[in-house]
Amino acid sequence: MARSLSQLDRGTVVVLPSATFPESELRKIVGIQHYEERLLCTTSLLAERDVELVYITSLPVDPAIVDYYLGFLPDPDDARRRFHQVVVGEDSGRALSAKVLDAPDVIETVRRLVDGAENAYLSPFNVTALEGRVAELLGLPLFGASPQLASLGSKTESRRAARKAGVDVLDGEEDLRSVAELEAALEGLHARRPDAQAAVMKLNDGFSGQGHAIVELDGFTSLEDARITFIAEEESWASYSAKVEQGGAVVEQLVRVPGVVSPSVQLRITPGGAVEVVSNHDQILGGLHDQVYLGCRFPARADYRLDIQERARRVGEVLAADGVIGPFGIDFVLLPGDADGDDRWEYNLSEINLRMGGTTHPFWMARAVTGGVYDPSTGDLVVDGKPKCYVASDNLKSQGLIGRSPAEVIGAIEEAGLAFDAGRGVGATLHLLGALPRFGKMGVTCIADSPDEAHALYEEVSALLVGPSVA
């Protein structure tokens with residue numbers, strides 16, 4: 001039967017945690033297949049007894065991980081009866097959605113699970129033509145931007161949407177589709193800003209900073225002779241230039257001044273077109289030239305969090321007018337301005353991620369385990385009238401974690417007294433645990449009553465598991 005998307009967080013939710021990007025980009029992320037587990041935060045929906053959750057994965061999730069998530073719910077046994085994992089059974093680097101489309105038995109299983117549900121929809125990590133086809137085969141509406149609008153989340157369209165909303169962007173150019181166009185954009189930037197030290201080239205569809213390349217502008221004459229640093233180790237100029245010609249790119253000034261920060265705002269557009277601010281964060285960046293997303297701090301600093309929310313909402317209104325629905329995030333680059341005046345920060349939109357992201361699961365977990373409510377008027381997650389804070393990362397990793405089981409690490413955190421304690425409203429929740437045995441990698445969200453306490457908890461967890469932290 002035909003269905004329309006009428007209610008969120010009710011009925012039967014089919015979660016498709018597929019990071020659907022080019023395989024060449026997915027290979028850059030260590031343990032990418034296990035990133036499917038990050039959306040197990042959606043099990044918090046099962047706290048409502050009229051919700052059924054269908055969760056699709058490439059491979060079975062370790063039962064200890066499922067038990068861990070369900071253990072945060074009021075009635076884990078009842079929730080388990082309403083949690084349905086559907087496994088494709090393919091261990092490859094392809095996006096999960098591609099695997100589902102090649103598995104008619106998976107499509108049929110999900111159809112049976114949603115049969116008769118008055119309210120059911122597909123909740124994907126991001127939307128491409130593949131997710132659109134999965135939704136069509138299942139006969140379900142998508143909670144996400146339609147495949148026809150997916151390009152609005154590209155680096156090029158991010159800059160265009162920002163300008164339409166009256167939000168500044170860094171100096172640069174977009175919609176570049178050849179080496180000649182890249183060179184012309186770099187030459188133009190250098191001419192306009194002779195003091196600029198470097199520029200960043202961004203692939204339109206890059207993921208988690210792995211599609212970036214840094215070009216030093218001092219003495220720049222051509223890309224052939226330029227000093228270029230590719231953020232992804234396996235990238236080369238031959239492979240990168242081919243991706244530019246295939247999918248396009250942007251060029252922006254890379255600002256190298258003390259005090260630059262990169263906060264983000266998470267929003268969603270409801271089926272009715274309402275733009276809702278969901279959360280805000282300061283991003284923790286690392287890797288070469290601090291171009292790679294490693295984690296986040298919640299909330300963003302008080303002196304700019306409401307300003308970035310207001311700008312993000314304006315961009316959201318532009319997207320809503322274009323017909324976008326679903327969750328998305330907006331990243332900013334803030335340059336320090338006049339510390340004593342009204343212009344303490346120079347605000348620039350960096351990019352729109354028209355999908356869920358690295359800040360989605362920490363916020364869902366913090367909200368679920370604390371019972372907190374987000375207050376957009378302050379930018380806080382409020383519990384009993386008091387704000388909560390956290391530090392989260394997807395990148396706790398070490399050789400010493402390789403071979404350890406999820407159950408073993410869960411137990412170690414509990415034994416050390418660092419696990420989330422509902423009575424105190426403080427402690428660590430864990431994610432990405434399936435990547436432990438093979439990759440020695442996992443994630444954590446450290447929740448506390450202040451930023452300093454959250455950071456201290458993160459340091460304790462990191463020291464216990466991997467040694468000194470990067471947060």
# chains A, B, ... in the order shown; residues from 1 in each chain; ligands from 1
call {"tool": "residues_around", "arguments": {"residues": "region 226-236 of chain A", "least_positions_apart": "5", "cutoff": "12 Å", "atoms": "only C-alpha atoms", "output": "MDAnalysis selection string"}}
result
chainID A and resid 24:30 183 186:187 197:203 206:221 241:243 286:293
call {"tool": "write_last_selection", "arguments": {"atoms": "C-alpha atoms", "output": "PDB file, in the first residue's frame"}}
result
ATOM      1  CA  SER A  24      37.188   5.273  -3.370  1.00  0.00           C
ATOM      2  CA  GLU A  25      36.092   7.670  -0.609  1.00  0.00           C
ATOM      3  CA  LEU A  26      34.739   4.952   1.705  1.00  0.00           C
ATOM      4  CA  ARG A  27      38.069   3.091   1.585  1.00  0.00           C
ATOM      5  CA  LYS A  28      39.714   6.082   3.246  1.00  0.00           C
ATOM      6  CA  ILE A  29      37.798   5.517   6.526  1.00  0.00           C
ATOM      7  CA  VAL A  30      39.232   2.819   8.801  1.00  0.00           C
ATOM      8  CA  GLU A 183      44.238  26.604 -11.598  1.00  0.00           C
ATOM      9  CA  LEU A 186      43.689  29.421  -7.382  1.00  0.00           C
ATOM     10  CA  GLU A 187      45.309  32.173  -9.437  1.00  0.00           C
ATOM     11  CA  GLN A 197      49.343  31.299   2.483  1.00  0.00           C
ATOM     12  CA  ALA A 198      47.299  28.391   1.182  1.00  0.00           C
ATOM     13  CA  ALA A 199      44.016  27.212  -0.332  1.00  0.00           C
ATOM     14  CA  VAL A 200      41.980  24.072   0.133  1.00  0.00           C
ATOM     15  CA  MET A 201      40.485  22.142  -2.764  1.00  0.00           C
ATOM     16  CA  LYS A 202      37.395  20.151  -1.779  1.00  0.00           C
ATOM     17  CA  LEU A 203      35.791  17.410  -3.838  1.00  0.00           C
ATOM     18  CA  GLY A 206      34.050  14.280  -0.219  1.00  0.00           C
ATOM     19  CA  PHE A 207      33.352  12.676   3.164  1.00  0.00           C
ATOM     20  CA  SER A 208      34.757  13.571   6.604  1.00  0.00           C
ATOM     21  CA  GLY A 209      37.488  15.812   5.163  1.00  0.00           C
ATOM     22  CA  GLN A 210      39.019  12.974   3.159  1.00  0.00           C
ATOM     23  CA  GLY A 211      38.256  14.713  -0.156  1.00  0.00           C
ATOM     24  CA  HIS A 212      40.379  17.760   0.681  1.00  0.00           C
ATOM     25  CA  ALA A 213      43.773  18.764  -0.697  1.00  0.00           C
ATOM     26  CA  ILE A 214      45.893  21.706   0.470  1.00  0.00           C
ATOM     27  CA  VAL A 215      47.710  23.892  -2.062  1.00  0.00           C
ATOM     28  CA  GLU A 216      50.481  26.196  -0.854  1.00  0.00           C
ATOM     29  CA  LEU A 217      50.132  29.553  -2.620  1.00  0.00           C
ATOM     30  CA  ASP A 218      53.597  30.960  -2.002  1.00  0.00           C
ATOM     31  CA  GLY A 219      55.220  30.890  -5.441  1.00  0.00           C
ATOM     32  CA  PHE A 220      52.191  29.195  -7.029  1.00  0.00           C
ATOM     33  CA  THR A 221      52.305  29.064 -10.834  1.00  0.00           C
ATOM     34  CA  SER A 241      42.156  15.335 -10.812  1.00  0.00           C
ATOM     35  CA  ALA A 242      40.048  12.513 -12.273  1.00  0.00           C
ATOM     36  CA  LYS A 243      37.571  12.901  -9.399  1.00  0.00           C
ATOM     37  CA  GLY A 286      42.835  16.641  13.294  1.00  0.00           C
ATOM     38  CA  GLY A 287      44.869  14.954  10.620  1.00  0.00           C
ATOM     39  CA  LEU A 288      46.895  16.944   8.113  1.00  0.00           C
ATOM     40  CA  HIS A 289      46.198  20.678   8.397  1.00  0.00           C
ATOM     41  CA  ASP A 290      43.294  19.890  10.766  1.00  0.00           C
ATOM     42  CA  GLN A 291      41.056  18.866   7.874  1.00  0.00           C
ATOM     43  CA  VAL A 292      39.703  15.560   9.245  1.00  0.00           C
ATOM     44  CA  TYR A 293      36.688  15.269  11.576  1.00  0.00           C
TER      45      TYR A 293
END
call {"tool": "residues_around", "arguments": {"residues": "region 119-128 of chain A", "least_positions_apart": "6", "cutoff": "10 Å", "atoms": "only C-alpha atoms", "output": "ChimeraX atom specification"}}
result
/A:3-21,36,38-39,42,51-55,97,134-135,138-151,326-328,353-357,360
call {"tool": "write_last_selection", "arguments": {"atoms": "N, CA and C atoms", "output": "short mmCIF file (atom, residue, chain, number, x, y, z; two decimals), in the first residue's frame"}}
result
data_model
loop_
_atom_site.label_atom_id
_atom_site.label_comp_id
_atom_site.auth_asym_id
_atom_site.auth_seq_id
_atom_site.Cartn_x
_atom_site.Cartn_y
_atom_site.Cartn_z
N ARG A 3 2.20 4.78 1.16
CA ARG A 3 2.25 5.44 2.47
C ARG A 3 2.79 6.85 2.30
N SER A 4 2.39 7.71 3.20
CA SER A 4 2.95 9.05 3.25
C SER A 4 3.62 9.23 4.59
N LEU A 5 4.61 10.12 4.63
CA LEU A 5 5.35 10.36 5.87
C LEU A 5 4.56 11.34 6.72
N SER A 6 3.87 10.81 7.75
CA SER A 6 2.98 11.64 8.55
C SER A 6 3.51 11.89 9.95
N GLN A 7 4.16 10.88 10.56
CA GLN A 7 4.65 11.02 11.93
C GLN A 7 6.09 10.55 12.02
N LEU A 8 6.89 11.28 12.78
CA LEU A 8 8.25 10.87 13.06
C LEU A 8 8.31 10.28 14.46
N ASP A 9 9.28 9.38 14.68
CA ASP A 9 9.47 8.77 15.99
C ASP A 9 8.27 7.97 16.46
N ARG A 10 7.47 7.48 15.51
CA ARG A 10 6.31 6.65 15.81
C ARG A 10 6.18 5.58 14.73
N GLY A 11 5.48 4.49 15.05
CA GLY A 11 5.22 3.45 14.05
C GLY A 11 6.45 2.59 13.81
N THR A 12 6.65 2.18 12.57
CA THR A 12 7.77 1.31 12.20
C THR A 12 8.82 2.12 11.46
N VAL A 13 10.01 2.20 12.04
CA VAL A 13 11.11 2.95 11.45
C VAL A 13 12.13 1.96 10.89
N VAL A 14 12.38 2.05 9.60
CA VAL A 14 13.37 1.19 8.95
C VAL A 14 14.66 2.01 8.82
N VAL A 15 15.68 1.61 9.55
CA VAL A 15 16.95 2.35 9.58
C VAL A 15 17.91 1.73 8.56
N LEU A 16 18.38 2.56 7.64
CA LEU A 16 19.32 2.13 6.61
C LEU A 16 20.61 2.93 6.80
N PRO A 17 21.54 2.43 7.62
CA PRO A 17 22.73 3.21 7.99
C PRO A 17 23.85 3.11 6.96
N SER A 18 23.50 3.33 5.71
CA SER A 18 24.46 3.20 4.62
C SER A 18 25.14 4.53 4.34
N ALA A 19 26.46 4.58 4.51
CA ALA A 19 27.22 5.75 4.08
C ALA A 19 27.46 5.59 2.58
N THR A 20 26.56 6.15 1.79
CA THR A 20 26.59 5.92 0.35
C THR A 20 27.39 7.02 -0.33
N PHE A 21 28.68 6.74 -0.47
CA PHE A 21 29.62 7.61 -1.14
C PHE A 21 30.43 6.75 -2.11
N GLU A 36 28.13 1.49 10.21
CA GLU A 36 26.70 1.16 10.18
C GLU A 36 26.13 1.06 11.59
N ARG A 38 26.77 2.98 14.13
CA ARG A 38 26.62 4.24 14.85
C ARG A 38 25.15 4.62 15.03
N LEU A 39 24.31 4.24 14.06
CA LEU A 39 22.90 4.61 14.17
C LEU A 39 22.11 3.67 15.07
N THR A 42 19.47 4.93 17.40
CA THR A 42 18.02 5.00 17.13
C THR A 42 17.24 3.99 17.94
N VAL A 51 6.56 1.83 18.91
CA VAL A 51 7.59 1.90 17.87
C VAL A 51 8.17 0.51 17.62
N GLU A 52 8.29 0.17 16.35
CA GLU A 52 9.05 -1.01 15.90
C GLU A 52 10.24 -0.50 15.13
N LEU A 53 11.41 -1.13 15.32
CA LEU A 53 12.62 -0.69 14.64
C LEU A 53 13.18 -1.83 13.80
N VAL A 54 13.30 -1.58 12.50
CA VAL A 54 13.92 -2.54 11.58
C VAL A 54 15.29 -1.97 11.21
N TYR A 55 16.35 -2.71 11.51
CA TYR A 55 17.71 -2.20 11.36
C TYR A 55 18.48 -3.09 10.38
N SER A 97 23.54 0.22 0.89
CA SER A 97 22.36 0.32 0.02
C SER A 97 22.56 -0.46 -1.27
N VAL A 134 15.74 1.82 -2.98
CA VAL A 134 15.38 0.94 -1.85
C VAL A 134 13.99 1.32 -1.33
N ALA A 135 13.77 2.62 -1.14
CA ALA A 135 12.47 3.09 -0.63
C ALA A 135 11.35 2.70 -1.60
N LEU A 138 10.54 -0.95 -1.29
CA LEU A 138 9.87 -1.25 -0.02
C LEU A 138 8.49 -0.61 0.06
N GLY A 139 8.22 0.33 -0.83
CA GLY A 139 6.95 1.05 -0.77
C GLY A 139 6.87 1.98 0.42
N LEU A 140 8.02 2.56 0.80
CA LEU A 140 8.09 3.41 1.98
C LEU A 140 8.52 4.82 1.61
N PRO A 141 8.01 5.83 2.30
CA PRO A 141 8.53 7.19 2.13
C PRO A 141 9.89 7.32 2.81
N LEU A 142 10.68 8.26 2.33
CA LEU A 142 12.00 8.55 2.88
C LEU A 142 11.92 9.74 3.83
N PHE A 143 12.59 9.64 4.98
CA PHE A 143 12.81 10.83 5.77
C PHE A 143 14.22 11.31 5.47
N GLY A 144 14.32 12.10 4.44
CA GLY A 144 15.59 12.61 3.97
C GLY A 144 15.36 13.32 2.65
N ALA A 145 16.33 14.10 2.23
CA ALA A 145 16.20 14.82 0.96
C ALA A 145 16.00 13.82 -0.17
N SER A 146 15.11 14.12 -1.09
CA SER A 146 14.88 13.22 -2.20
C SER A 146 16.15 13.08 -3.03
N PRO A 147 16.34 11.97 -3.72
CA PRO A 147 17.55 11.79 -4.52
C PRO A 147 17.76 12.93 -5.53
N GLN A 148 16.68 13.49 -6.03
CA GLN A 148 16.80 14.58 -7.00
C GLN A 148 17.42 15.84 -6.37
N LEU A 149 17.36 15.94 -5.04
CA LEU A 149 17.89 17.12 -4.36
C LEU A 149 19.23 16.85 -3.67
N ALA A 150 19.79 15.66 -3.87
CA ALA A 150 21.01 15.28 -3.15
C ALA A 150 22.16 16.24 -3.45
N SER A 151 22.21 16.79 -4.66
CA SER A 151 23.31 17.68 -5.01
C SER A 151 23.32 18.96 -4.18
N GLY A 326 14.18 16.21 6.19
CA GLY A 326 15.12 15.29 6.82
C GLY A 326 16.21 15.99 7.60
N PRO A 327 17.15 15.18 8.15
CA PRO A 327 18.22 15.73 8.99
C PRO A 327 19.40 16.21 8.15
N PHE A 328 20.09 17.21 8.65
CA PHE A 328 21.32 17.68 7.98
C PHE A 328 22.13 18.51 8.96
N ASN A 353 26.12 19.34 5.12
CA ASN A 353 26.08 17.88 5.02
C ASN A 353 24.62 17.46 5.03
N LEU A 354 24.09 17.19 3.86
CA LEU A 354 22.66 16.91 3.72
C LEU A 354 22.40 15.45 4.10
N ARG A 355 22.62 15.15 5.37
CA ARG A 355 22.56 13.77 5.87
C ARG A 355 22.74 13.80 7.37
N MET A 356 22.68 12.62 7.98
CA MET A 356 23.16 12.48 9.34
C MET A 356 24.68 12.60 9.32
N GLY A 357 25.29 12.75 10.48
CA GLY A 357 26.73 12.94 10.50
C GLY A 357 27.38 12.41 11.75
N THR A 360 25.53 13.12 15.02
CA THR A 360 24.17 12.60 15.20
C THR A 360 24.09 11.64 16.38
#
call {"tool": "closest_residue", "arguments": {"among": "A:Tyr240, A:Val333, A:Val66, A:Ala47", "to": "Val369 (chain A)", "atoms": "only C-alpha atoms"}}
result
A:Ala47
call {"tool": "select_by_dssp", "arguments": {"residues": "region 262-331 of chain A", "states": "alpha helix (DSSP H)", "output": "PyMOL selection string"}}
result
chain A and resi 305-321
call {"tool": "select_by_dssp", "arguments": {"residues": "region 129-271 of chain A", "states": "strand (DSSP E or B)", "output": "PyMOL selection string"}}
result
chain A and resi 142+169+172-176+198-203+212-216+228-230+249-254+261+263-269
call {"tool": "write_last_selection", "arguments": {"atoms": "N, CA and C atoms", "output": "mmCIF file, in the first residue's frame"}}
result
data_model
loop_
_atom_site.group_PDB
_atom_site.id
_atom_site.type_symbol
_atom_site.label_atom_id
_atom_site.label_comp_id
_atom_site.auth_asym_id
_atom_site.auth_seq_id
_atom_site.Cartn_x
_atom_site.Cartn_y
_atom_site.Cartn_z
ATOM 1 N N LEU A 142 10.684 8.263 2.326
ATOM 2 C CA LEU A 142 12.001 8.549 2.879
ATOM 3 C C LEU A 142 11.924 9.742 3.829
ATOM 4 N N VAL A 169 30.683 33.160 3.029
ATOM 5 C CA VAL A 169 31.547 32.000 2.787
ATOM 6 C C VAL A 169 32.971 32.521 2.615
ATOM 7 N N GLY A 172 36.679 32.203 -2.509
ATOM 8 C CA GLY A 172 36.964 31.053 -3.352
ATOM 9 C C GLY A 172 36.004 30.974 -4.517
ATOM 10 N N GLU A 173 35.953 29.820 -5.158
ATOM 11 C CA GLU A 173 35.067 29.597 -6.294
ATOM 12 C C GLU A 173 34.540 28.165 -6.233
ATOM 13 N N GLU A 174 33.390 27.963 -6.850
ATOM 14 C CA GLU A 174 32.746 26.652 -6.836
ATOM 15 C C GLU A 174 32.477 26.151 -8.247
ATOM 16 N N ASP A 175 31.946 24.921 -8.303
ATOM 17 C CA ASP A 175 31.564 24.274 -9.564
ATOM 18 C C ASP A 175 32.734 24.216 -10.530
ATOM 19 N N LEU A 176 33.872 23.757 -10.027
ATOM 20 C CA LEU A 176 35.083 23.618 -10.833
ATOM 21 C C LEU A 176 35.197 22.174 -11.295
ATOM 22 N N ALA A 198 47.687 29.662 1.783
ATOM 23 C CA ALA A 198 47.299 28.391 1.182
ATOM 24 C C ALA A 198 45.815 28.393 0.836
ATOM 25 N N ALA A 199 45.416 27.431 0.021
ATOM 26 C CA ALA A 199 44.016 27.212 -0.332
ATOM 27 C C ALA A 199 43.702 25.742 -0.142
ATOM 28 N N VAL A 200 42.412 25.459 0.040
ATOM 29 C CA VAL A 200 41.980 24.072 0.133
ATOM 30 C C VAL A 200 41.070 23.762 -1.037
ATOM 31 N N MET A 201 41.365 22.673 -1.728
ATOM 32 C CA MET A 201 40.485 22.142 -2.764
ATOM 33 C C MET A 201 39.619 21.070 -2.119
ATOM 34 N N LYS A 202 38.311 21.117 -2.378
ATOM 35 C CA LYS A 202 37.395 20.151 -1.779
ATOM 36 C C LYS A 202 36.594 19.468 -2.880
ATOM 37 N N LEU A 203 36.653 18.150 -2.921
ATOM 38 C CA LEU A 203 35.791 17.410 -3.838
ATOM 39 C C LEU A 203 34.337 17.633 -3.448
ATOM 40 N N HIS A 212 39.708 16.464 0.713
ATOM 41 C CA HIS A 212 40.379 17.760 0.681
ATOM 42 C C HIS A 212 41.838 17.624 0.254
ATOM 43 N N ALA A 213 42.355 18.674 -0.356
ATOM 44 C CA ALA A 213 43.773 18.764 -0.697
ATOM 45 C C ALA A 213 44.214 20.204 -0.480
ATOM 46 N N ILE A 214 45.381 20.385 0.139
ATOM 47 C CA ILE A 214 45.893 21.706 0.470
ATOM 48 C C ILE A 214 46.926 22.129 -0.565
ATOM 49 N N VAL A 215 46.771 23.335 -1.084
ATOM 50 C CA VAL A 215 47.710 23.892 -2.062
ATOM 51 C C VAL A 215 48.404 25.098 -1.437
ATOM 52 N N GLU A 216 49.718 25.054 -1.353
ATOM 53 C CA GLU A 216 50.481 26.196 -0.854
ATOM 54 C C GLU A 216 50.542 27.248 -1.955
ATOM 55 N N ILE A 228 51.338 20.298 -2.983
ATOM 56 C CA ILE A 228 49.982 19.845 -2.661
ATOM 57 C C ILE A 228 50.065 18.767 -1.588
ATOM 58 N N THR A 229 49.236 18.901 -0.571
ATOM 59 C CA THR A 229 49.117 17.879 0.465
ATOM 60 C C THR A 229 47.726 17.271 0.384
ATOM 61 N N PHE A 230 47.659 15.992 0.057
ATOM 62 C CA PHE A 230 46.367 15.297 0.020
ATOM 63 C C PHE A 230 46.065 14.775 1.418
ATOM 64 N N ALA A 249 34.485 20.262 -7.883
ATOM 65 C CA ALA A 249 35.166 20.639 -6.648
ATOM 66 C C ALA A 249 34.990 22.137 -6.411
ATOM 67 N N VAL A 250 35.432 22.566 -5.246
ATOM 68 C CA VAL A 250 35.500 23.996 -4.937
ATOM 69 C C VAL A 250 36.914 24.314 -4.480
ATOM 70 N N VAL A 251 37.243 25.596 -4.546
ATOM 71 C CA VAL A 251 38.501 26.111 -4.003
ATOM 72 C C VAL A 251 38.150 27.196 -2.997
ATOM 73 N N GLU A 252 38.773 27.149 -1.811
ATOM 74 C CA GLU A 252 38.563 28.160 -0.787
ATOM 75 C C GLU A 252 39.881 28.538 -0.139
ATOM 76 N N GLN A 253 39.948 29.747 0.350
ATOM 77 C CA GLN A 253 41.107 30.158 1.124
ATOM 78 C C GLN A 253 41.213 29.301 2.376
ATOM 79 N N LEU A 254 42.431 28.853 2.689
ATOM 80 C CA LEU A 254 42.697 28.160 3.948
ATOM 81 C C LEU A 254 43.260 29.186 4.917
ATOM 82 N N VAL A 261 38.039 28.560 14.736
ATOM 83 C CA VAL A 261 37.241 27.453 15.270
ATOM 84 C C VAL A 261 36.272 26.967 14.196
ATOM 85 N N PRO A 263 32.754 25.276 14.437
ATOM 86 C CA PRO A 263 31.539 24.721 15.040
ATOM 87 C C PRO A 263 30.553 24.239 13.982
ATOM 88 N N SER A 264 29.538 23.546 14.424
ATOM 89 C CA SER A 264 28.511 23.048 13.497
ATOM 90 C C SER A 264 27.138 23.128 14.163
ATOM 91 N N VAL A 265 26.116 23.121 13.332
ATOM 92 C CA VAL A 265 24.732 23.114 13.799
ATOM 93 C C VAL A 265 24.007 21.981 13.103
ATOM 94 N N GLN A 266 23.226 21.226 13.867
ATOM 95 C CA GLN A 266 22.439 20.140 13.310
ATOM 96 C C GLN A 266 20.969 20.569 13.284
ATOM 97 N N LEU A 267 20.301 20.283 12.170
ATOM 98 C CA LEU A 267 18.911 20.674 11.990
ATOM 99 C C LEU A 267 18.143 19.525 11.362
ATOM 100 N N ARG A 268 16.823 19.688 11.325
ATOM 101 C CA ARG A 268 16.000 18.805 10.509
ATOM 102 C C ARG A 268 14.826 19.624 9.975
ATOM 103 N N ILE A 269 14.381 19.216 8.801
ATOM 104 C CA ILE A 269 13.204 19.829 8.207
ATOM 105 C C ILE A 269 12.104 18.775 8.228
#
call {"tool": "closest_residue", "arguments": {"among": "A:Gly371, A:Arg256, A:Arg163, A:Ala412", "to": "Pro74 (chain A)", "atoms": "only C-alpha atoms"}}
result
A:Gly371
call {"tool": "closest_residue", "arguments": {"among": "A:Glu90, A:Glu351, A:Asp67, A:Asp449", "to": "Gln33 (chain A)", "atoms": "only C-alpha atoms"}}
result
A:Glu90
call {"tool": "closest_residue", "arguments": {"among": "A:Met442, A:Ala428, A:Val324, A:Ala407", "to": "Glu459 (chain A)", "atoms": "only C-alpha atoms"}}
result
A:Ala428
call {"tool": "residues_around", "arguments": {"residues": "Arg311 (chain A)", "least_positions_apart": "3", "cutoff": "9 Å", "atoms": "only C-alpha atoms", "output": "VMD selection string"}}
result
chain A and resid 162 165 to 167 306 to 308 314 to 316 347 349
call {"tool": "write_last_selection", "arguments": {"atoms": "N, CA and C atoms", "output": "compact mmCIF listing (two decimals), in the first residue's frame"}}
result
# COMPACT_ATOMS: atom_id res chain seq x y z
N ALA A 162 24.38 29.29 0.96
CA ALA A 162 24.80 30.27 1.96
C ALA A 162 24.60 31.69 1.44
N ALA A 165 21.09 32.74 1.45
CA ALA A 165 20.59 33.00 2.81
C ALA A 165 21.24 34.22 3.44
N GLY A 166 22.16 34.85 2.73
CA GLY A 166 22.85 36.00 3.30
C GLY A 166 23.91 35.64 4.31
N VAL A 167 24.49 34.43 4.17
CA VAL A 167 25.53 33.97 5.08
C VAL A 167 26.86 33.96 4.33
N LEU A 306 24.55 30.74 19.56
CA LEU A 306 23.26 31.23 19.09
C LEU A 306 23.39 31.94 17.74
N ASP A 307 24.54 32.55 17.49
CA ASP A 307 24.76 33.20 16.19
C ASP A 307 24.85 32.18 15.07
N ILE A 308 25.54 31.07 15.31
CA ILE A 308 25.62 30.06 14.24
C ILE A 308 24.27 29.37 14.06
N ARG A 314 18.64 30.15 8.77
CA ARG A 314 18.39 30.86 7.52
C ARG A 314 18.74 30.00 6.31
N VAL A 315 19.84 29.28 6.41
CA VAL A 315 20.20 28.36 5.32
C VAL A 315 19.17 27.23 5.23
N GLY A 316 18.70 26.76 6.39
CA GLY A 316 17.68 25.73 6.40
C GLY A 316 16.40 26.17 5.71
N TYR A 347 31.97 35.13 10.64
CA TYR A 347 31.26 33.87 10.43
C TYR A 347 31.28 33.49 8.95
N LEU A 349 30.16 30.09 6.39
CA LEU A 349 29.69 28.72 6.22
C LEU A 349 30.76 27.93 5.48
call {"tool": "closest_residue", "arguments": {"among": "A:Leu101, A:Val426, A:Ala95, A:Ala321", "to": "Lys164 (chain A)", "atoms": "only C-alpha atoms"}}
result
A:Ala321
call {"tool": "closest_residue", "arguments": {"among": "A:Ala161, A:Leu96, A:Arg193, A:Tyr458", "to": "Glu131 (chain A)", "atoms": "only C-alpha atoms"}}
result
A:Leu96
call {"tool": "residues_around", "arguments": {"residues": "Leu465 (chain A)", "least_positions_apart": "4", "cutoff": "8 Å", "atoms": "only C-alpha atoms", "output": "list in words"}}
result
Leu396, Leu401 and Val461 of chain A
call {"tool": "write_last_selection", "arguments": {"atoms": "C-alpha atoms", "output": "PDB file, in the first residue's frame"}}
result
ATOM      1  CA  LEU A 396      39.709   5.975  19.945  1.00  0.00           C
ATOM      2  CA  LEU A 401      42.629  -2.674  21.212  1.00  0.00           C
ATOM      3  CA  VAL A 461      38.438   6.811  29.216  1.00  0.00           C
TER       4      VAL A 461
END
call {"tool": "atom_distance", "arguments": {"atom1": "CA of Val260 (chain A)", "atom2": "CA of Asn280 (chain A)"}}
result
17.0 Å
call {"tool": "residues_around", "arguments": {"residues": "Ser178 (chain A)", "least_positions_apart": "4", "cutoff": "7 Å", "atoms": "only C-alpha atoms", "output": "short mmCIF file (atom, residue, chain, number, x, y, z; two decimals) with N, CA and C atoms, in the first residue's frame"}}
result
data_model
loop_
_atom_site.label_atom_id
_atom_site.label_comp_id
_atom_site.auth_asym_id
_atom_site.auth_seq_id
_atom_site.Cartn_x
_atom_site.Cartn_y
_atom_site.Cartn_z
N LEU A 182 40.47 24.71 -11.87
CA LEU A 182 41.09 24.76 -10.55
C LEU A 182 42.24 25.77 -10.53
N VAL A 244 37.88 15.29 -9.74
CA VAL A 244 37.42 16.65 -9.98
C VAL A 244 36.63 16.70 -11.29
N GLU A 245 37.17 16.08 -12.31
CA GLU A 245 36.50 16.10 -13.61
C GLU A 245 35.19 15.31 -13.58
#
call {"tool": "residues_around", "arguments": {"residues": "Val444 (chain A)", "least_positions_apart": "2", "cutoff": "12 Å", "atoms": "only C-alpha atoms", "output": "PyMOL selection string"}}
result
chain A and resi 38+294-297+358-359+361-363+365-366+390-397+409-410+413+418-420+427-433+441-442+446-447+454-455+457-462+465+471
